[in-house]
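Q: Below is the structure I would like to discuss, written out as structure tokens.
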Amino acid sequence: MVFAFRPLEGGYEIPMRVVGANIYYEWLIYIFMLIPIGFFIYGVLKRVRVWLLARGETSRDDKLLARSLNFLVNTFAQKQVLRKTTAGVSHFFLFWGFVVLFIATIFFAAWDKIGFPRLVGSFYVNFSAFIDIMGFLAMIGILVLAVIRYIQRPGRLNDTQPLDGWILFLIAAILFTGYIVEGLRIAGQIQLSATFAQID
């Protein structure tokens, strides 16, 4: 079965991870995942409606290549955000930390369900280390941003709402609990493995 229970094991011949190991009712994760996805789609649609209402008479169909490149640079290189050095770098870490974690989640799910990409051996070890580093940088980013908003309180952030704090807290909780789960998994594998060389 696709979502059958798989116990946590140790002693693999090559480093790897069994996705969903020791998780009962794994299929519920995918059902509950639809809730935040639904909220996300709803929020995007609301934004799109506002943008369409703000559309003026002037055509914006010119310079499509330049506009597209500008969008990519500002989105993925965070060009505008990086104008504020401390906050910008922190936001950069947070953004790319979640991008990498999102891609990693897709990779692990694909490896578990279809066997590709092959996340075993030295590639898995290096990939996992890279993910951990990016997640750590994202945690640093969220902490710095929280300090800026709630302790330094610069004038440009005079519109802080109670919901902002909850968003920061939930983002930090997602990152932190990820490390806890990974640590518990590794601790469990230590108990099940004969040598440290068998622990991923």
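Each chain of the structure tokens is named A, B, ... in the order shown, its residues numbered from 1; ligands are numbered from 1 in display order.
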Against region 153-174 of chain A, which residues of region 9-113 of chain A fall within 12 Å? For each one I want the closest pair of atoms and the distance in Å (one decimal), counting only C-alpha atoms, rows by chain and increasing residue number, as a tab-separated table.
A:
```
residue	atom	partner	partner_atom	distance
A:Lys84	CA	A:Arg156	CA	11.5
A:Ala87	CA	A:Pro154	CA	11.1
A:His91	CA	A:Leu168	CA	12.0
A:Leu94	CA	A:Ile171	CA	9.5
A:Phe95	CA	A:Ile171	CA	11.3
A:Gly97	CA	A:Ile171	CA	11.3
A:Phe98	CA	A:Ile171	CA	9.6
A:Leu101	CA	A:Ile174	CA	11.0
```
Q: Go ahead and save the residues from that selection, with all heavy atoms, as an mmCIF file, in the first residue's frame.
A:
```
data_model
loop_
_atom_site.group_PDB
_atom_site.id
_atom_site.type_symbol
_atom_site.label_atom_id
_atom_site.label_comp_id
_atom_site.auth_asym_id
_atom_site.auth_seq_id
_atom_site.Cartn_x
_atom_site.Cartn_y
_atom_site.Cartn_z
ATOM 1 N N LYS A 84 17.674 47.052 2.472
ATOM 2 C CA LYS A 84 17.833 47.137 3.925
ATOM 3 C C LYS A 84 18.705 45.955 4.344
ATOM 4 O O LYS A 84 18.232 44.817 4.383
ATOM 5 C CB LYS A 84 16.473 47.070 4.626
ATOM 6 C CG LYS A 84 15.504 48.164 4.236
ATOM 7 C CD LYS A 84 15.915 49.504 4.826
ATOM 8 C CE LYS A 84 14.870 50.572 4.515
ATOM 9 N NZ LYS A 84 15.268 51.894 5.047
ATOM 10 N N ALA A 87 17.677 43.493 7.633
ATOM 11 C CA ALA A 87 16.358 42.915 7.377
ATOM 12 C C ALA A 87 16.335 42.198 6.032
ATOM 13 O O ALA A 87 15.712 41.139 5.890
ATOM 14 C CB ALA A 87 15.291 44.005 7.411
ATOM 15 N N HIS A 91 15.516 38.318 5.467
ATOM 16 C CA HIS A 91 14.393 37.910 4.618
ATOM 17 C C HIS A 91 14.877 36.987 3.503
ATOM 18 O O HIS A 91 14.184 36.030 3.134
ATOM 19 C CB HIS A 91 13.713 39.139 4.031
ATOM 20 C CG HIS A 91 12.374 38.862 3.420
ATOM 21 N ND1 HIS A 91 12.231 38.330 2.154
ATOM 22 C CD2 HIS A 91 11.118 39.018 3.908
ATOM 23 C CE1 HIS A 91 10.948 38.192 1.883
ATOM 24 N NE2 HIS A 91 10.249 38.592 2.923
ATOM 25 N N LEU A 94 15.305 33.615 5.001
ATOM 26 C CA LEU A 94 13.999 33.018 5.268
ATOM 27 C C LEU A 94 13.346 32.533 3.977
ATOM 28 O O LEU A 94 12.833 31.411 3.907
ATOM 29 C CB LEU A 94 13.098 34.034 5.974
ATOM 30 C CG LEU A 94 11.680 33.578 6.310
ATOM 31 C CD1 LEU A 94 11.709 32.377 7.243
ATOM 32 C CD2 LEU A 94 10.894 34.721 6.939
ATOM 33 N N PHE A 95 13.383 33.373 2.958
ATOM 34 C CA PHE A 95 12.775 33.023 1.674
ATOM 35 C C PHE A 95 13.427 31.784 1.074
ATOM 36 O O PHE A 95 12.750 30.799 0.750
ATOM 37 C CB PHE A 95 12.894 34.208 0.708
ATOM 38 C CG PHE A 95 12.454 33.893 -0.695
ATOM 39 C CD1 PHE A 95 11.112 33.888 -1.029
ATOM 40 C CD2 PHE A 95 13.381 33.600 -1.685
ATOM 41 C CE1 PHE A 95 10.698 33.596 -2.324
ATOM 42 C CE2 PHE A 95 12.984 33.310 -2.979
ATOM 43 C CZ PHE A 95 11.639 33.305 -3.301
ATOM 44 N N GLY A 97 15.433 29.646 2.499
ATOM 45 C CA GLY A 97 15.334 28.495 3.381
ATOM 46 C C GLY A 97 14.069 27.710 3.115
ATOM 47 O O GLY A 97 14.091 26.478 2.985
ATOM 48 N N PHE A 98 12.951 28.426 2.986
ATOM 49 C CA PHE A 98 11.684 27.743 2.727
ATOM 50 C C PHE A 98 11.612 27.203 1.302
ATOM 51 O O PHE A 98 11.008 26.151 1.065
ATOM 52 C CB PHE A 98 10.504 28.675 3.011
ATOM 53 C CG PHE A 98 9.952 28.504 4.388
ATOM 54 C CD1 PHE A 98 10.370 29.315 5.424
ATOM 55 C CD2 PHE A 98 9.035 27.512 4.665
ATOM 56 C CE1 PHE A 98 9.877 29.153 6.707
ATOM 57 C CE2 PHE A 98 8.529 27.331 5.941
ATOM 58 C CZ PHE A 98 8.952 28.154 6.969
ATOM 59 N N LEU A 101 13.563 23.994 1.481
ATOM 60 C CA LEU A 101 12.802 22.991 2.229
ATOM 61 C C LEU A 101 11.615 22.473 1.419
ATOM 62 O O LEU A 101 11.287 21.282 1.469
ATOM 63 C CB LEU A 101 12.318 23.588 3.554
ATOM 64 C CG LEU A 101 13.409 23.863 4.598
ATOM 65 C CD1 LEU A 101 12.843 24.671 5.752
ATOM 66 C CD2 LEU A 101 14.018 22.567 5.097
#
```
Q: Quick one: pull the distance between CA of Pro7 (chain A) and CA of Leu192 (chain A), Å, one decimal.
A: 11.2 Å
Q: So how far away is CA of Ile133 (chain A) from CA of Val89 (chain A), in Å?
A: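 The value is 15.3 Å.
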Q: Mind pulling up the distance from CA of Gly20 (chain A) to CA of Phe136 (chain A)?
A: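 Calculated distance between CA of Phe136 (chain A) and CA of Gly20 (chain A) is 22.3 Å.
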Q: Do a neighbour search on Ser90 (chain A) at 10 Å with only C-alpha atoms, toss out local chain neighbours closer than 2 positions, and write the hits as a ChimeraX atom specification.
A: /A:81-82,84-88,92-95,137-145
Q: Any chance you can output those residues with all heavy atoms as a short mmCIF file (atom, residue, chain, number, x, y, z; two decimals), in the first residue's frame?
A:
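Output file again_29.cif follows:
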```
data_model
loop_
_atom_site.label_atom_id
_atom_site.label_comp_id
_atom_site.auth_asym_id
_atom_site.auth_seq_id
_atom_site.Cartn_x
_atom_site.Cartn_y
_atom_site.Cartn_z
N VAL A 81 14.40 43.91 -1.57
CA VAL A 81 14.43 43.64 -0.13
C VAL A 81 15.82 43.86 0.44
O VAL A 81 15.98 44.34 1.57
CB VAL A 81 13.96 42.19 0.15
CG1 VAL A 81 14.06 41.85 1.63
CG2 VAL A 81 12.52 42.01 -0.33
N LEU A 82 16.85 43.52 -0.32
CA LEU A 82 18.22 43.60 0.17
C LEU A 82 18.73 45.03 0.30
O LEU A 82 19.86 45.24 0.75
CB LEU A 82 19.15 42.81 -0.76
CG LEU A 82 19.03 41.28 -0.65
CD1 LEU A 82 19.83 40.60 -1.74
CD2 LEU A 82 19.49 40.81 0.72
N LYS A 84 17.67 47.05 2.47
CA LYS A 84 17.83 47.14 3.92
C LYS A 84 18.71 45.96 4.34
O LYS A 84 18.23 44.82 4.38
CB LYS A 84 16.47 47.07 4.63
CG LYS A 84 15.50 48.16 4.24
CD LYS A 84 15.92 49.50 4.83
CE LYS A 84 14.87 50.57 4.51
NZ LYS A 84 15.27 51.89 5.05
N THR A 85 19.96 46.22 4.65
CA THR A 85 20.95 45.15 4.78
C THR A 85 20.53 44.06 5.77
O THR A 85 20.39 42.89 5.40
CB THR A 85 22.31 45.72 5.19
OG1 THR A 85 22.69 46.74 4.27
CG2 THR A 85 23.36 44.62 5.18
N THR A 86 20.34 44.41 7.03
CA THR A 86 20.05 43.39 8.04
C THR A 86 18.73 42.70 7.78
O THR A 86 18.65 41.47 7.72
CB THR A 86 20.05 44.02 9.44
OG1 THR A 86 21.31 44.66 9.68
CG2 THR A 86 19.83 42.95 10.50
N ALA A 87 17.68 43.49 7.63
CA ALA A 87 16.36 42.92 7.38
C ALA A 87 16.34 42.20 6.03
O ALA A 87 15.71 41.14 5.89
CB ALA A 87 15.29 44.01 7.41
N GLY A 88 17.03 42.76 5.05
CA GLY A 88 17.04 42.17 3.72
C GLY A 88 17.71 40.81 3.69
O GLY A 88 17.18 39.86 3.11
N PHE A 92 16.07 37.26 2.98
CA PHE A 92 16.66 36.42 1.94
C PHE A 92 16.86 35.00 2.47
O PHE A 92 16.52 34.02 1.80
CB PHE A 92 17.99 37.02 1.50
CG PHE A 92 18.68 36.28 0.39
CD1 PHE A 92 18.41 36.58 -0.94
CD2 PHE A 92 19.60 35.29 0.66
CE1 PHE A 92 19.04 35.90 -1.96
CE2 PHE A 92 20.24 34.60 -0.36
CZ PHE A 92 19.96 34.91 -1.68
N PHE A 93 17.42 34.89 3.68
CA PHE A 93 17.63 33.58 4.30
C PHE A 93 16.29 32.87 4.52
O PHE A 93 16.17 31.66 4.27
CB PHE A 93 18.35 33.72 5.64
CG PHE A 93 19.81 34.03 5.52
CD1 PHE A 93 20.51 34.59 6.58
CD2 PHE A 93 20.51 33.76 4.35
CE1 PHE A 93 21.86 34.88 6.48
CE2 PHE A 93 21.86 34.05 4.23
CZ PHE A 93 22.54 34.60 5.30
N LEU A 94 15.31 33.62 5.00
CA LEU A 94 14.00 33.02 5.27
C LEU A 94 13.35 32.53 3.98
O LEU A 94 12.83 31.41 3.91
CB LEU A 94 13.10 34.03 5.97
CG LEU A 94 11.68 33.58 6.31
CD1 LEU A 94 11.71 32.38 7.24
CD2 LEU A 94 10.89 34.72 6.94
N PHE A 95 13.38 33.37 2.96
CA PHE A 95 12.78 33.02 1.67
C PHE A 95 13.43 31.78 1.07
O PHE A 95 12.75 30.80 0.75
CB PHE A 95 12.89 34.21 0.71
CG PHE A 95 12.45 33.89 -0.70
CD1 PHE A 95 11.11 33.89 -1.03
CD2 PHE A 95 13.38 33.60 -1.68
CE1 PHE A 95 10.70 33.60 -2.32
CE2 PHE A 95 12.98 33.31 -2.98
CZ PHE A 95 11.64 33.30 -3.30
N LEU A 137 19.54 28.75 8.63
CA LEU A 137 19.61 30.15 8.21
C LEU A 137 18.22 30.79 8.20
O LEU A 137 18.07 31.96 8.54
CB LEU A 137 20.24 30.24 6.81
CG LEU A 137 21.73 29.91 6.73
CD1 LEU A 137 22.21 29.97 5.28
CD2 LEU A 137 22.56 30.86 7.59
N ALA A 138 17.22 30.00 7.82
CA ALA A 138 15.84 30.52 7.85
C ALA A 138 15.42 30.83 9.29
O ALA A 138 14.74 31.84 9.54
CB ALA A 138 14.89 29.51 7.23
N MET A 139 15.83 29.98 10.24
CA MET A 139 15.51 30.24 11.65
C MET A 139 16.20 31.51 12.13
O MET A 139 15.60 32.33 12.84
CB MET A 139 15.93 29.05 12.51
CG MET A 139 15.03 27.84 12.38
SD MET A 139 15.43 26.55 13.58
CE MET A 139 15.01 27.36 15.11
N ILE A 140 17.46 31.68 11.75
CA ILE A 140 18.17 32.92 12.10
C ILE A 140 17.44 34.12 11.51
O ILE A 140 17.25 35.15 12.17
CB ILE A 140 19.62 32.87 11.58
CG1 ILE A 140 20.41 31.75 12.27
CG2 ILE A 140 20.31 34.22 11.79
CD1 ILE A 140 20.57 31.92 13.76
N GLY A 141 17.01 33.97 10.26
CA GLY A 141 16.30 35.06 9.60
C GLY A 141 15.03 35.46 10.32
O GLY A 141 14.77 36.65 10.54
N ILE A 142 14.24 34.47 10.72
CA ILE A 142 12.97 34.78 11.38
C ILE A 142 13.20 35.41 12.75
O ILE A 142 12.46 36.31 13.18
CB ILE A 142 12.08 33.52 11.50
CG1 ILE A 142 10.63 33.90 11.77
CG2 ILE A 142 12.57 32.58 12.57
CD1 ILE A 142 9.94 34.55 10.63
N LEU A 143 14.25 34.99 13.45
CA LEU A 143 14.56 35.58 14.76
C LEU A 143 15.00 37.04 14.61
O LEU A 143 14.57 37.90 15.39
CB LEU A 143 15.65 34.76 15.45
CG LEU A 143 15.24 33.38 15.96
CD1 LEU A 143 16.45 32.62 16.48
CD2 LEU A 143 14.18 33.49 17.05
N VAL A 144 15.84 37.30 13.62
CA VAL A 144 16.29 38.68 13.40
C VAL A 144 15.12 39.57 13.00
O VAL A 144 14.98 40.70 13.49
CB VAL A 144 17.39 38.72 12.31
CG1 VAL A 144 17.73 40.16 11.94
CG2 VAL A 144 18.64 38.00 12.80
N LEU A 145 14.26 39.07 12.14
CA LEU A 145 13.09 39.85 11.72
C LEU A 145 12.16 40.13 12.90
O LEU A 145 11.57 41.21 12.98
CB LEU A 145 12.35 39.12 10.60
CG LEU A 145 13.09 39.02 9.27
CD1 LEU A 145 12.34 38.12 8.30
CD2 LEU A 145 13.31 40.39 8.66
#
```
Q: Do a neighbour search on region 179-184 of chain A at 9 Å with only C-alpha atoms, toss out local chain neighbours closer than 5 positions, and write the hits as a PyMOL selection string.
A: chain A and resi 132+135+189
Q: For those residues, write all heavy atoms to a file as a CSV table (one decimal), in the first residue's frame.
A:
```csv
chain,number,residue,atom,x,y,z
A,132,ASP,N,19.6,21.1,6.1
A,132,ASP,CA,19.7,21.5,7.5
A,132,ASP,C,20.3,22.9,7.6
A,132,ASP,O,19.9,23.7,8.5
A,132,ASP,CB,20.6,20.5,8.3
A,132,ASP,CG,19.9,19.2,8.5
A,132,ASP,OD1,18.6,19.2,8.3
A,132,ASP,OD2,20.5,18.2,8.8
A,135,GLY,N,17.7,25.5,6.5
A,135,GLY,CA,16.7,25.6,7.5
A,135,GLY,C,17.2,26.4,8.7
A,135,GLY,O,16.4,27.2,9.3
A,189,GLN,N,17.3,5.8,15.3
A,189,GLN,CA,18.1,5.0,14.4
A,189,GLN,C,19.4,4.6,15.2
A,189,GLN,O,20.0,3.5,14.9
A,189,GLN,CB,18.4,5.7,13.1
A,189,GLN,CG,17.2,5.7,12.2
A,189,GLN,CD,17.6,6.4,10.9
A,189,GLN,OE1,17.9,7.6,10.8
A,189,GLN,NE2,17.6,5.6,9.8
```
Q: Which is closer to Phe76 (chain A) than all the others in A:Ala104, A:Ala54, A:Ile148, A:Val99, using only C-alpha atoms?
A: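 Counting only C-alpha atoms, the residue closest to Phe76 (chain A) is A:Val99.
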Q: Can you list every residue in region 57-188 of chain A that DSSP puts in helix (DSSP H, G or I), as a VMD selection string?
A: chain A and resid 64 to 76 81 to 83 85 to 114 121 to 152 155 to 157 162 to 188
Q: Would you please work out which residue, of A:Leu28, A:Asn22, A:Met134, A:Lys63, is nearest to Ile103 (chain A) when using only C-alpha atoms?
A: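 Comparing A:Leu28, A:Asn22, A:Met134, A:Lys63 against Ile103 (chain A), the winner is A:Met134.
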